[in-house]
Each structure stands twice: as C-alpha cells, then as structure tokens.
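Peer 1: Data file work-v1.pdb (PDB, C-alpha atoms and all ligand atoms) is appended below.
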MODEL        1
ATOM      1  CA  MET J   1       2.123  19.512  23.535  1.00  0.00           C
ATOM      2  CA  THR J   2       1.569  18.668  27.222  1.00  0.00           C
ATOM      3  CA  ALA J   3       2.691  15.391  28.791  1.00  0.00           C
ATOM      4  CA  ALA J   4      -0.963  14.279  28.882  1.00  0.00           C
ATOM      5  CA  ASP J   5      -1.232  14.803  25.098  1.00  0.00           C
ATOM      6  CA  ARG J   6       1.559  12.265  24.679  1.00  0.00           C
ATOM      7  CA  ILE J   7      -0.213   9.439  26.485  1.00  0.00           C
ATOM      8  CA  ILE J   8      -2.374   7.047  24.462  1.00  0.00           C
ATOM      9  CA  VAL J   9      -4.680   4.798  26.469  1.00  0.00           C
ATOM     10  CA  PRO J  10      -5.774   1.465  24.955  1.00  0.00           C
ATOM     11  CA  LEU J  11      -9.447   0.518  25.055  1.00  0.00           C
ATOM     12  CA  ASP J  12      -8.581  -3.124  25.657  1.00  0.00           C
ATOM     13  CA  VAL J  13     -12.066  -4.354  26.523  1.00  0.00           C
ATOM     14  CA  SER J  14     -14.341  -6.821  24.777  1.00  0.00           C
ATOM     15  CA  SER J  15     -17.534  -4.836  24.168  1.00  0.00           C
ATOM     16  CA  GLY J  16     -18.738  -1.411  23.119  1.00  0.00           C
ATOM     17  CA  GLU J  17     -20.535  -0.994  26.471  1.00  0.00           C
ATOM     18  CA  GLU J  18     -17.325  -1.551  28.434  1.00  0.00           C
ATOM     19  CA  ALA J  19     -15.462   0.807  26.114  1.00  0.00           C
ATOM     20  CA  ILE J  20     -18.028   3.570  26.614  1.00  0.00           C
ATOM     21  CA  ALA J  21     -17.914   3.065  30.387  1.00  0.00           C
ATOM     22  CA  LEU J  22     -14.133   3.560  30.248  1.00  0.00           C
ATOM     23  CA  LEU J  23     -14.462   6.663  28.063  1.00  0.00           C
ATOM     24  CA  ASP J  24     -16.909   8.096  30.596  1.00  0.00           C
ATOM     25  CA  ARG J  25     -14.577   7.322  33.522  1.00  0.00           C
ATOM     26  CA  LEU J  26     -11.562   8.962  31.857  1.00  0.00           C
ATOM     27  CA  PRO J  27     -12.853  12.209  30.321  1.00  0.00           C
ATOM     28  CA  ASP J  28      -9.379  13.828  30.303  1.00  0.00           C
ATOM     29  CA  VAL J  29      -7.839  11.225  27.986  1.00  0.00           C
ATOM     30  CA  GLY J  30      -7.605  12.748  24.510  1.00  0.00           C
ATOM     31  CA  PHE J  31      -5.937   9.909  22.578  1.00  0.00           C
ATOM     32  CA  TRP J  32      -7.368   6.385  22.629  1.00  0.00           C
ATOM     33  CA  LYS J  33      -6.128   3.178  21.055  1.00  0.00           C
ATOM     34  CA  VAL J  34      -8.545   0.641  19.561  1.00  0.00           C
ATOM     35  CA  GLY J  35      -6.948  -2.785  19.215  1.00  0.00           C
ATOM     36  CA  LEU J  36      -7.917  -6.204  17.989  1.00  0.00           C
ATOM     37  CA  GLU J  37     -10.016  -7.241  20.990  1.00  0.00           C
ATOM     38  CA  LEU J  38     -12.430  -4.308  20.805  1.00  0.00           C
ATOM     39  CA  PHE J  39     -12.472  -3.917  17.018  1.00  0.00           C
ATOM     40  CA  VAL J  40     -13.365  -7.581  16.500  1.00  0.00           C
ATOM     41  CA  SER J  41     -16.314  -7.013  18.840  1.00  0.00           C
ATOM     42  CA  THR J  42     -17.624  -3.623  17.701  1.00  0.00           C
ATOM     43  CA  GLY J  43     -16.246  -3.013  14.223  1.00  0.00           C
ATOM     44  CA  PRO J  44     -15.927   0.619  13.155  1.00  0.00           C
ATOM     45  CA  SER J  45     -18.832   1.862  15.312  1.00  0.00           C
ATOM     46  CA  ILE J  46     -16.427   2.458  18.201  1.00  0.00           C
ATOM     47  CA  LEU J  47     -14.401   4.778  15.944  1.00  0.00           C
ATOM     48  CA  GLU J  48     -17.521   6.873  15.294  1.00  0.00           C
ATOM     49  CA  GLU J  49     -18.146   7.091  19.053  1.00  0.00           C
ATOM     50  CA  LEU J  50     -14.593   8.343  19.602  1.00  0.00           C
ATOM     51  CA  LYS J  51     -14.909  10.879  16.782  1.00  0.00           C
ATOM     52  CA  GLN J  52     -18.163  12.210  18.218  1.00  0.00           C
ATOM     53  CA  ARG J  53     -16.257  12.783  21.454  1.00  0.00           C
ATOM     54  CA  GLN J  54     -13.512  14.544  19.470  1.00  0.00           C
ATOM     55  CA  LYS J  55     -10.840  12.072  20.543  1.00  0.00           C
ATOM     56  CA  ARG J  56      -7.745  11.194  18.577  1.00  0.00           C
ATOM     57  CA  ILE J  57      -7.646   7.544  17.470  1.00  0.00           C
ATOM     58  CA  PHE J  58      -4.854   4.998  17.176  1.00  0.00           C
ATOM     59  CA  LEU J  59      -6.214   1.971  15.282  1.00  0.00           C
ATOM     60  CA  ASP J  60      -3.846  -0.804  16.317  1.00  0.00           C
ATOM     61  CA  LEU J  61      -4.819  -3.720  14.070  1.00  0.00           C
ATOM     62  CA  LYS J  62      -1.200  -4.761  13.368  1.00  0.00           C
ATOM     63  CA  PHE J  63      -1.743  -5.907   9.785  1.00  0.00           C
ATOM     64  CA  HIS J  64       0.754  -8.599   8.754  1.00  0.00           C
ATOM     65  CA  ASP J  65       0.048 -10.312   5.432  1.00  0.00           C
ATOM     66  CA  ILE J  66       1.041 -10.500   1.776  1.00  0.00           C
ATOM     67  CA  PRO J  67       1.278  -7.146  -0.059  1.00  0.00           C
ATOM     68  CA  ASN J  68      -2.075  -7.408  -1.863  1.00  0.00           C
ATOM     69  CA  THR J  69      -3.953  -8.189   1.349  1.00  0.00           C
ATOM     70  CA  MET J  70      -2.095  -5.515   3.343  1.00  0.00           C
ATOM     71  CA  ALA J  71      -3.002  -2.978   0.663  1.00  0.00           C
ATOM     72  CA  GLY J  72      -6.674  -3.931   0.735  1.00  0.00           C
ATOM     73  CA  ALA J  73      -6.851  -3.737   4.527  1.00  0.00           C
ATOM     74  CA  CYS J  74      -5.022  -0.399   4.645  1.00  0.00           C
ATOM     75  CA  ARG J  75      -7.201   1.064   1.889  1.00  0.00           C
ATOM     76  CA  GLY J  76     -10.252   0.216   3.990  1.00  0.00           C
ATOM     77  CA  ALA J  77      -8.722   1.496   7.215  1.00  0.00           C
ATOM     78  CA  GLY J  78      -7.668   4.695   5.431  1.00  0.00           C
ATOM     79  CA  ARG J  79     -11.383   5.505   5.026  1.00  0.00           C
ATOM     80  CA  TYR J  80     -11.955   5.509   8.798  1.00  0.00           C
ATOM     81  CA  GLY J  81     -10.238   8.842   9.432  1.00  0.00           C
ATOM     82  CA  VAL J  82      -7.976   7.585  12.230  1.00  0.00           C
ATOM     83  CA  ASP J  83      -4.729   9.272  13.278  1.00  0.00           C
ATOM     84  CA  LEU J  84      -2.443   6.241  13.618  1.00  0.00           C
ATOM     85  CA  LEU J  85      -2.602   2.746  12.078  1.00  0.00           C
ATOM     86  CA  THR J  86      -0.246  -0.209  12.630  1.00  0.00           C
ATOM     87  CA  VAL J  87       1.286  -2.760  10.282  1.00  0.00           C
ATOM     88  CA  HIS J  88       4.054  -5.258  11.045  1.00  0.00           C
ATOM     89  CA  GLY J  89       7.489  -4.270   9.742  1.00  0.00           C
ATOM     90  CA  ALA J  90       8.224  -7.982   9.272  1.00  0.00           C
ATOM     91  CA  ALA J  91       5.665  -8.063   6.448  1.00  0.00           C
ATOM     92  CA  GLY J  92       8.509  -6.738   4.285  1.00  0.00           C
ATOM     93  CA  ARG J  93       9.349  -3.838   2.006  1.00  0.00           C
ATOM     94  CA  THR J  94       6.802  -4.446  -0.770  1.00  0.00           C
ATOM     95  CA  ALA J  95       3.958  -4.960   1.694  1.00  0.00           C
ATOM     96  CA  LEU J  96       4.912  -1.779   3.598  1.00  0.00           C
ATOM     97  CA  GLN J  97       5.052   0.292   0.417  1.00  0.00           C
ATOM     98  CA  ARG J  98       1.717  -1.062  -0.837  1.00  0.00           C
ATOM     99  CA  ALA J  99       0.137  -0.542   2.592  1.00  0.00           C
ATOM    100  CA  LEU J 100       1.247   3.093   2.661  1.00  0.00           C
ATOM    101  CA  GLU J 101       0.023   3.892  -0.853  1.00  0.00           C
ATOM    102  CA  ALA J 102      -3.304   2.157  -0.240  1.00  0.00           C
ATOM    103  CA  SER J 103      -3.932   3.896   3.112  1.00  0.00           C
ATOM    104  CA  ARG J 104      -3.475   7.224   1.310  1.00  0.00           C
ATOM    105  CA  GLU J 105      -5.795   6.200  -1.536  1.00  0.00           C
ATOM    106  CA  GLY J 106      -8.444   5.081   0.947  1.00  0.00           C
ATOM    107  CA  ALA J 107      -8.276   8.348   2.861  1.00  0.00           C
ATOM    108  CA  GLN J 108      -8.372  10.391  -0.336  1.00  0.00           C
ATOM    109  CA  SER J 109     -11.429   8.520  -1.613  1.00  0.00           C
ATOM    110  CA  ALA J 110     -13.225   9.468   1.603  1.00  0.00           C
ATOM    111  CA  GLY J 111     -11.987  13.063   1.539  1.00  0.00           C
ATOM    112  CA  LEU J 112     -10.010  12.548   4.767  1.00  0.00           C
ATOM    113  CA  SER J 113      -6.419  13.024   5.921  1.00  0.00           C
ATOM    114  CA  PRO J 114      -4.438   9.780   5.689  1.00  0.00           C
ATOM    115  CA  PRO J 115      -3.465   7.973   8.888  1.00  0.00           C
ATOM    116  CA  ASN J 116       0.152   7.963   9.971  1.00  0.00           C
ATOM    117  CA  LEU J 117       1.258   4.391   9.442  1.00  0.00           C
ATOM    118  CA  LEU J 118       3.433   2.853  12.155  1.00  0.00           C
ATOM    119  CA  ALA J 119       5.514  -0.298  11.724  1.00  0.00           C
ATOM    120  CA  ILE J 120       5.699  -2.709  14.637  1.00  0.00           C
ATOM    121  CA  THR J 121       9.405  -3.456  15.177  1.00  0.00           C
ATOM    122  CA  LEU J 122       9.243  -6.274  17.734  1.00  0.00           C
ATOM    123  CA  LEU J 123       6.369  -6.827  20.155  1.00  0.00           C
ATOM    124  CA  THR J 124       7.177  -5.542  23.638  1.00  0.00           C
ATOM    125  CA  SER J 125       6.040  -8.859  25.106  1.00  0.00           C
ATOM    126  CA  LEU J 126       9.149 -10.539  23.627  1.00  0.00           C
ATOM    127  CA  ASN J 127      12.666 -10.487  25.042  1.00  0.00           C
ATOM    128  CA  SER J 128      16.118 -11.353  23.679  1.00  0.00           C
ATOM    129  CA  ARG J 129      15.687 -14.980  24.619  1.00  0.00           C
ATOM    130  CA  ASP J 130      12.420 -15.290  22.675  1.00  0.00           C
ATOM    131  CA  LEU J 131      14.029 -13.650  19.644  1.00  0.00           C
ATOM    132  CA  ALA J 132      17.113 -15.880  19.674  1.00  0.00           C
ATOM    133  CA  PHE J 133      15.723 -19.252  20.759  1.00  0.00           C
ATOM    134  CA  ASP J 134      12.057 -19.284  19.713  1.00  0.00           C
ATOM    135  CA  LEU J 135      12.067 -17.054  16.638  1.00  0.00           C
ATOM    136  CA  LYS J 136      15.650 -18.054  15.726  1.00  0.00           C
ATOM    137  CA  VAL J 137      16.537 -14.530  14.648  1.00  0.00           C
ATOM    138  CA  PRO J 138      20.352 -14.454  14.639  1.00  0.00           C
ATOM    139  CA  VAL J 139      20.876 -10.754  15.499  1.00  0.00           C
ATOM    140  CA  GLU J 140      20.786  -8.865  18.799  1.00  0.00           C
ATOM    141  CA  LEU J 141      17.376  -7.483  19.733  1.00  0.00           C
ATOM    142  CA  PRO J 142      18.260  -3.753  19.471  1.00  0.00           C
ATOM    143  CA  GLU J 143      19.737  -4.348  16.016  1.00  0.00           C
ATOM    144  CA  TYR J 144      16.607  -6.206  14.893  1.00  0.00           C
ATOM    145  CA  ALA J 145      14.301  -3.430  16.148  1.00  0.00           C
ATOM    146  CA  LEU J 146      16.456  -0.830  14.409  1.00  0.00           C
ATOM    147  CA  GLN J 147      16.429  -2.807  11.158  1.00  0.00           C
ATOM    148  CA  MET J 148      12.610  -2.983  11.236  1.00  0.00           C
ATOM    149  CA  ALA J 149      12.393   0.770  11.856  1.00  0.00           C
ATOM    150  CA  LEU J 150      14.842   1.531   9.032  1.00  0.00           C
ATOM    151  CA  LEU J 151      12.975  -0.762   6.651  1.00  0.00           C
ATOM    152  CA  ALA J 152       9.784   1.119   7.497  1.00  0.00           C
ATOM    153  CA  GLN J 153      11.465   4.494   7.057  1.00  0.00           C
ATOM    154  CA  GLU J 154      12.980   3.498   3.705  1.00  0.00           C
ATOM    155  CA  SER J 155       9.484   2.383   2.626  1.00  0.00           C
ATOM    156  CA  GLY J 156       8.117   5.853   3.386  1.00  0.00           C
ATOM    157  CA  ILE J 157       6.382   4.897   6.642  1.00  0.00           C
ATOM    158  CA  PRO J 158       6.535   7.820   9.085  1.00  0.00           C
ATOM    159  CA  GLY J 159       6.984   5.959  12.370  1.00  0.00           C
ATOM    160  CA  ALA J 160       7.396   2.783  14.379  1.00  0.00           C
ATOM    161  CA  VAL J 161       6.116   1.049  17.476  1.00  0.00           C
ATOM    162  CA  CYS J 162       9.016   0.056  19.686  1.00  0.00           C
ATOM    163  CA  SER J 163       9.832  -0.630  23.296  1.00  0.00           C
ATOM    164  CA  PRO J 164      11.113   2.413  25.181  1.00  0.00           C
ATOM    165  CA  GLN J 165      14.290   0.397  25.704  1.00  0.00           C
ATOM    166  CA  GLU J 166      15.087   0.817  21.995  1.00  0.00           C
ATOM    167  CA  ALA J 167      13.742   4.354  21.657  1.00  0.00           C
ATOM    168  CA  ALA J 168      17.045   6.201  22.142  1.00  0.00           C
ATOM    169  CA  GLY J 169      18.820   4.112  19.485  1.00  0.00           C
ATOM    170  CA  LEU J 170      15.985   4.467  16.981  1.00  0.00           C
ATOM    171  CA  ARG J 171      15.680   8.212  17.625  1.00  0.00           C
ATOM    172  CA  ARG J 172      19.430   8.678  17.012  1.00  0.00           C
ATOM    173  CA  VAL J 173      19.377   6.835  13.686  1.00  0.00           C
ATOM    174  CA  CYS J 174      15.886   7.626  12.344  1.00  0.00           C
ATOM    175  CA  GLY J 175      15.920  11.326  13.275  1.00  0.00           C
ATOM    176  CA  ASP J 176      13.624  13.740  15.079  1.00  0.00           C
ATOM    177  CA  GLU J 177      10.715  13.616  12.615  1.00  0.00           C
ATOM    178  CA  PHE J 178      10.216   9.845  12.849  1.00  0.00           C
ATOM    179  CA  LEU J 179       7.338   8.937  15.184  1.00  0.00           C
ATOM    180  CA  LEU J 180       8.216   6.533  17.977  1.00  0.00           C
ATOM    181  CA  VAL J 181       5.164   5.152  19.742  1.00  0.00           C
ATOM    182  CA  CYS J 182       6.081   3.114  22.815  1.00  0.00           C
ATOM    183  CA  PRO J 183       3.999   0.530  24.657  1.00  0.00           C
ATOM    184  CA  GLY J 184       5.761  -1.385  27.423  1.00  0.00           C
ATOM    185  CA  VAL J 185       5.501   1.619  29.740  1.00  0.00           C
ATOM    186  CA  ARG J 186       5.094   1.003  33.448  1.00  0.00           C
ATOM    187  CA  PRO J 187       5.150   3.434  36.376  1.00  0.00           C
ATOM    188  CA  THR J 188       7.277   2.100  39.261  1.00  0.00           C
ATOM    189  CA  TRP J 189       4.100   1.267  41.195  1.00  0.00           C
ATOM    190  CA  ALA J 190       2.445  -0.810  38.430  1.00  0.00           C
ATOM    191  CA  GLU J 191       2.750  -4.480  37.568  1.00  0.00           C
ATOM    192  CA  GLY J 192       4.552  -5.472  34.368  1.00  0.00           C
ATOM    193  CA  GLY J 193       2.070  -8.184  33.350  1.00  0.00           C
ATOM    194  CA  ASP J 194       3.068  -9.756  30.035  1.00  0.00           C
ATOM    195  CA  GLN J 195       5.291  -6.834  28.999  1.00  0.00           C
ATOM    196  CA  ARG J 196       8.980  -7.825  28.830  1.00  0.00           C
ATOM    197  CA  ARG J 197      10.828  -4.674  27.704  1.00  0.00           C
ATOM    198  CA  VAL J 198       9.609  -1.849  29.914  1.00  0.00           C
ATOM    199  CA  MET J 199      10.567   1.577  31.199  1.00  0.00           C
ATOM    200  CA  THR J 200       8.795   4.177  33.325  1.00  0.00           C
ATOM    201  CA  PRO J 201       6.897   7.011  31.585  1.00  0.00           C
ATOM    202  CA  GLN J 202       9.606   9.543  32.532  1.00  0.00           C
ATOM    203  CA  GLU J 203      12.393   7.298  31.217  1.00  0.00           C
ATOM    204  CA  ALA J 204      10.488   6.576  27.994  1.00  0.00           C
ATOM    205  CA  LEU J 205       9.969  10.260  27.161  1.00  0.00           C
ATOM    206  CA  LYS J 206      13.597  11.017  28.012  1.00  0.00           C
ATOM    207  CA  ALA J 207      14.685   8.189  25.688  1.00  0.00           C
ATOM    208  CA  GLY J 208      12.915   9.891  22.778  1.00  0.00           C
ATOM    209  CA  ALA J 209       9.404   8.407  22.631  1.00  0.00           C
ATOM    210  CA  SER J 210       6.910  10.594  20.755  1.00  0.00           C
ATOM    211  CA  TYR J 211       3.924   8.912  22.426  1.00  0.00           C
ATOM    212  CA  LEU J 212       3.515   6.480  25.316  1.00  0.00           C
ATOM    213  CA  VAL J 213       0.884   3.730  25.270  1.00  0.00           C
ATOM    214  CA  ILE J 214      -0.166   3.047  28.864  1.00  0.00           C
ATOM    215  CA  GLY J 215      -3.009   0.609  29.404  1.00  0.00           C
ATOM    216  CA  ARG J 216      -3.551  -1.619  32.422  1.00  0.00           C
ATOM    217  CA  PRO J 217      -1.783   0.632  34.950  1.00  0.00           C
ATOM    218  CA  ILE J 218      -4.672   3.044  34.226  1.00  0.00           C
ATOM    219  CA  THR J 219      -7.582   1.004  32.907  1.00  0.00           C
ATOM    220  CA  ALA J 220      -7.264  -1.917  35.347  1.00  0.00           C
ATOM    221  CA  ALA J 221      -6.740   0.339  38.386  1.00  0.00           C
ATOM    222  CA  ASP J 222      -9.467   0.509  41.043  1.00  0.00           C
ATOM    223  CA  ASP J 223      -9.492   4.242  40.378  1.00  0.00           C
ATOM    224  CA  PRO J 224      -8.558   4.824  36.696  1.00  0.00           C
ATOM    225  CA  GLN J 225      -8.860   8.623  36.967  1.00  0.00           C
ATOM    226  CA  GLY J 226      -6.577   8.568  40.039  1.00  0.00           C
ATOM    227  CA  ALA J 227      -3.989   6.466  38.176  1.00  0.00           C
ATOM    228  CA  TRP J 228      -4.175   8.819  35.159  1.00  0.00           C
ATOM    229  CA  ASN J 229      -3.639  11.827  37.460  1.00  0.00           C
ATOM    230  CA  ARG J 230      -0.763  10.144  39.276  1.00  0.00           C
ATOM    231  CA  ILE J 231       1.062   9.339  36.001  1.00  0.00           C
ATOM    232  CA  ASN J 232       0.591  12.904  34.770  1.00  0.00           C
ATOM    233  CA  ASP J 233       1.730  14.387  38.111  1.00  0.00           C
ATOM    234  CA  GLU J 234       4.854  12.222  38.019  1.00  0.00           C
ATOM    235  CA  LEU J 235       5.578  13.338  34.446  1.00  0.00           C
ATOM    236  CA  VAL J 236       5.352  17.050  35.169  1.00  0.00           C
ATOM    237  CA  GLY J 237       6.809  16.921  38.692  1.00  0.00           C
TER     238      GLY J 237
HETATM  239  O1  LIG S   1       4.723  -4.143  20.764  1.00  0.00           O
HETATM  240  C1  LIG S   1       3.568  -3.854  21.162  1.00  0.00           C
HETATM  241  C2  LIG S   1       2.590  -3.380  20.311  1.00  0.00           C
HETATM  242  C3  LIG S   1       1.363  -3.056  20.812  1.00  0.00           C
HETATM  243  N1  LIG S   1       1.085  -3.203  22.127  1.00  0.00           N
HETATM  244  C4  LIG S   1      -0.259  -2.808  22.603  1.00  0.00           C
HETATM  245  O2  LIG S   1      -0.127  -1.759  23.567  1.00  0.00           O
HETATM  246  C5  LIG S   1      -1.015  -1.947  24.639  1.00  0.00           C
HETATM  247  C6  LIG S   1      -0.239  -2.055  25.920  1.00  0.00           C
HETATM  248  O3  LIG S   1      -1.132  -2.241  27.003  1.00  0.00           O
HETATM  249  P1  LIG S   1      -0.626  -2.384  28.519  1.00  0.00           P
HETATM  250  O4  LIG S   1      -1.881  -2.724  29.256  1.00  0.00           O
HETATM  251  O5  LIG S   1      -0.038  -1.062  28.910  1.00  0.00           O
HETATM  252  O6  LIG S   1       0.385  -3.487  28.558  1.00  0.00           O
HETATM  253  C7  LIG S   1      -1.851  -3.186  24.310  1.00  0.00           C
HETATM  254  O7  LIG S   1      -3.052  -2.748  23.720  1.00  0.00           O
HETATM  255  C8  LIG S   1      -1.030  -3.923  23.279  1.00  0.00           C
HETATM  256  O8  LIG S   1      -1.842  -4.594  22.333  1.00  0.00           O
HETATM  257  C9  LIG S   1       2.043  -3.659  22.969  1.00  0.00           C
HETATM  258  O9  LIG S   1       1.835  -3.819  24.194  1.00  0.00           O
HETATM  259  N2  LIG S   1       3.284  -3.968  22.457  1.00  0.00           N
ENDMDL
END
Written as structure tokens, that's how I'd like the structure from this file.
Ligand SMILES: O=c1ccn([C@@H]2O[C@H](COP(=O)(O)O)[C@@H](O)[C@H]2O)c(=O)[nH]1
Peer 2:
Amino acid sequence: MTAADRIIVPLDVSSGEEAIALLDRLPDVGFWKVGLELFVSTGPSILEELKQRQKRIFLDLKFHDIPNTMAGACRGAGRYGVDLLTVHGAAGRTALQRALEASREGAQSAGLSPPNLLAITLLTSLNSRDLAFDLKVPVELPEYALQMALLAQESGIPGAVCSPQEAAGLRRVCGDEFLLVCPGVRPTWAEGGDQRRVMTPQEALKAGASYLVIGRPITAADDPQGAWNRINDELVG
C-alpha cells in the first residue's frame, strides 16, 4: 500500500453538488469519508456516486445509542457496501456486539462484504482538560482511549478511531491487525482548527496509524490538489 492509499479525505460539505465538485478537483484521492454533514443532506445517493467512481468509502456516522437502535442503524448501513463504519465505543459492550452482528446481517442480506466497524475512542477535538473537568471522567486520557479500544476489540470490533497521539499505545496493546484510523492529522504548515490532539502525517504513520484522515488542510486549501501533492511528497520524501 502506498502512502496515498493510507490517506482518507473527508467530504465535509453540505450538498451533493459541492461534494461532486471536490471529487472532480481531487481525482487522485482513492478513499473518501462521508460524515454527518453530507449524509444528512444527500442520504445514500452520495455513496452510489462514490461507488460509480470506484472509490473506497468510510461512512462516519458515529452511531451512539441503545443496543436495539445501534443494531437497526448498523443493519441498514451494512446494506450500503461501505468499507468502514463508525460507532461510539462509549455506547457500551452490548451495543457494540449488537452493532457488529447487525452490520454483518445487513451486508449479507444485500450480498455484500460487511463494513469494518470502527469504535470512536475519544473525539480528537477534546483534550485532557475537557475529559477531566467537563466530562468528569476520572482517568487519564490515554488510559481512557485505550479502554475504549480494548472494549471494542473484546466485542469483536476490528478497529478504532483515535488521535495519533494515542496510536502508539493502542498499537502496542491491541496488536498489528487492529485498525487504527486517525483524524487530528495536521501538516506543519496547516492550521489546527478545532482539533486538539494532533500530529503530522509522518508522525502519525510512525506511531502506528493504519489510515490518516486529513480534511481541511486539503479540502479548504486554495489549491486542494497542490495540498494533496505536498502531503504525499512529504510522506515519501
Ligand atoms: O475523533 C474524531 C472522529 C472523527 N473526526 C472526523 O475527521 C474529520 C477531520 O477533519 P479535519 O478537517 O482534518 O479536521 C472530520 O470529518 C471529523 O468529523 C475527527 O476529526 N475526530
């Protein structure tokens, strides 16, 4: 797999037209993420567009609900034929197990391969202070992220979304086969925005990330193709 194959670019726009314009401007991107903003606007039609273009798809809907509702949502999403699908680890063991089973059932009913489920450990927009003082979680942030990843792994879920800052610790404990998908990735020349736990693309891969999610440094650049090229050049050089 090349470095470019390990970069997932989010289609964080609010309409199908804007999404298609971005797809046209970045023809070399092979793996796209569809999140809440776009999916709420377009529904599954954007997934069909991506499939027609033979792109890989990360459906990042971050389901977080009671087990029965998680199962229903994952059964439906399993029928879309996407590669990756997110749920929140904090939904708990039963919800994670039901979500996994249901995503497989949904895919099977449509004659498709099941998505790889990923558990969100702790959003990369939160820092230690938020965890301790606002969420009142009485453990250190790396320990909390690891606990969420282990809960997911014990529930049969094949990977997690984590900050690159926790990737090395999770890789050590969860092993080489466990997928670690890392947002919160910023080249030195890009702004952090609302991301709080960041690393550069080179650092994130070195720390053990399987995939990097890099959005605004590329999609909000004046020249998105130039930013994509620059990130890839820095990764190989
Ligand atoms: O913990 C998380 C989980 C998901 N995301 C998503 O990743 C991208 C990051 O975009 P940038 O523009 O590179 O900040 C975005 O779609 C988030 O919804 C995350 O950032 N952190």
Peer 1: Between atom C8 of ligand LIG 1 (chain S) and atom CA of J:Gln108, what is the distance, to one decimal in Å?
Peer 2: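 Separating atom C8 of ligand LIG 1 (chain S) from atom CA of J:Gln108 is a distance of 28.6 Å.
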Peer 1: With the PyMOL selection byres (((not hetatm)) within 8 of (chain S and resi 1)) as the selection, what would be picked from this file? Answer as an NGL selection string, please.
Peer 2: :J and (9-12 or 33-36 or 60 or 120-125 or 161-163 or 182-186 or 192-195 or 213-217 or 219)
Peer 1: Looking at J:Ala71, J:Ala3, J:Leu38, J:Ala167, which one is nearest to J:Gly237, with distances taken over all atoms listed in the file?
Peer 2: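 Smallest distance to J:Gly237 is found for J:Ala3.
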Peer 1: Using only C-alpha atoms, which residues sit within 10 Å of J:Ser41 once same-chain residues fewer than 6 positions away are excluded, as a ChimeraX atom specification?
Peer 2: /J:13-16
Peer 1: Given the file shown, determine the residues that the PyMOL selection byres (((chain J and resi 107) around 9) and not hetatm) selects; report them as a list of chain:residue names.
Peer 2: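 Applied to this file, the PyMOL selection byres (((chain J and resi 107) around 9) and not hetatm) returns J:Arg75, J:Gly76, J:Ala77, J:Gly78, J:Arg79, J:Tyr80, J:Gly81, J:Ala102, J:Ser103, J:Arg104, J:Glu105, J:Gly106, J:Gln108, J:Ser109, J:Ala110, J:Gly111, J:Leu112, J:Ser113, J:Pro114, J:Pro115.
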Peer 1: J:Val29: which residues within 12 Å, counting all atoms listed in the file, same-chain residues fewer than 4 positions away excluded, as a short mmCIF file (atom, residue, chain, number, x, y, z; two decimals) with C-alpha atoms, keeping the file's coordinate frame?
Peer 2:
data_model
loop_
_atom_site.label_atom_id
_atom_site.label_comp_id
_atom_site.auth_asym_id
_atom_site.auth_seq_id
_atom_site.Cartn_x
_atom_site.Cartn_y
_atom_site.Cartn_z
CA ALA J 3 2.69 15.39 28.79
CA ALA J 4 -0.96 14.28 28.88
CA ASP J 5 -1.23 14.80 25.10
CA ARG J 6 1.56 12.26 24.68
CA ILE J 7 -0.21 9.44 26.48
CA ILE J 8 -2.37 7.05 24.46
CA VAL J 9 -4.68 4.80 26.47
CA PRO J 10 -5.77 1.46 24.96
CA LEU J 11 -9.45 0.52 25.06
CA LEU J 22 -14.13 3.56 30.25
CA LEU J 23 -14.46 6.66 28.06
CA ASP J 24 -16.91 8.10 30.60
CA ARG J 25 -14.58 7.32 33.52
CA LYS J 33 -6.13 3.18 21.06
CA LEU J 50 -14.59 8.34 19.60
CA ARG J 53 -16.26 12.78 21.45
CA GLN J 54 -13.51 14.54 19.47
CA LYS J 55 -10.84 12.07 20.54
CA ARG J 56 -7.74 11.19 18.58
CA ILE J 57 -7.65 7.54 17.47
CA VAL J 213 0.88 3.73 25.27
CA ILE J 214 -0.17 3.05 28.86
CA GLY J 215 -3.01 0.61 29.40
CA ILE J 218 -4.67 3.04 34.23
CA THR J 219 -7.58 1.00 32.91
CA PRO J 224 -8.56 4.82 36.70
CA GLN J 225 -8.86 8.62 36.97
CA ALA J 227 -3.99 6.47 38.18
CA TRP J 228 -4.18 8.82 35.16
CA ASN J 229 -3.64 11.83 37.46
CA ASN J 232 0.59 12.90 34.77
#
Peer 1: Taking into account only C-alpha atoms, which residue in the set J:Lys51, J:Leu146, J:Leu212, J:Ile231 is nearest to J:Arg172?
Peer 2: J:Leu146
Peer 1: Pick from J:Glu166, J:Asp176, J:Thr2, J:Glu154: nearest to J:Val236, with only C-alpha atoms counted?
Peer 2: J:Thr2
Peer 1: What's the separation between atom CA of J:Ala152 and atom CA of J:Leu126, in Å to one decimal place?
Peer 2: 19.9 Å
Peer 1: Suppose you want the space between atom CA of J:Ala221 and atom CA of J:Glu48; what is it in Å?
Peer 2: 26.3 Å
Peer 1: Given 4 Å on each side, where is the centre and what are the edge lengths in Å to one decimal of the axis-aligned box enclosing the listed atoms of stretch 78-81 of chain J, as JSON?
Peer 2:
{"center_x": -9.8, "center_y": 6.8, "center_z": 7.2, "size_x": 12.3, "size_y": 12.1, "size_z": 12.4}
Peer 1: If I put a ball of radius 9 Å at (19.6, 3.6, 14.5) in the file's coordinates, which residues poke into it when counting all atoms listed in the file, written as a list in words?
Peer 2: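 Residues with an atom close enough to that point: Pro142, Glu143, Ala145, Leu146, Gln147, Ala149, Leu150, Ala168, Gly169, Leu170, Arg171, Arg172, Val173, Cys174 and Gly175 of chain J.
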Peer 1: If the PyMOL selection byres (((chain J and resi 128) around 10) and not hetatm) is run on the structure shown, which residues does it catch, given as a list in words?
Peer 2: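 Expected selection for the PyMOL selection byres (((chain J and resi 128) around 10) and not hetatm) here is Leu126, Asn127, Arg129, Asp130, Leu131, Ala132, Phe133, Asp134, Leu135, Val137, Val139, Glu140, Leu141, Pro142, Arg196 and Arg197 of chain J.
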Peer 1: Just want the 8 Å neighbourhood of J:Thr86, counted on all atoms listed in the file, with same-chain residues fewer than 2 positions away dropped. Output as a list in words.
Peer 2: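 Skipping anything fewer than 2 positions along the chain leaves Leu59, Asp60, Leu61, Lys62, Phe63, Leu84, His88, Leu117, Leu118, Ala119 and Ile120 of chain J.
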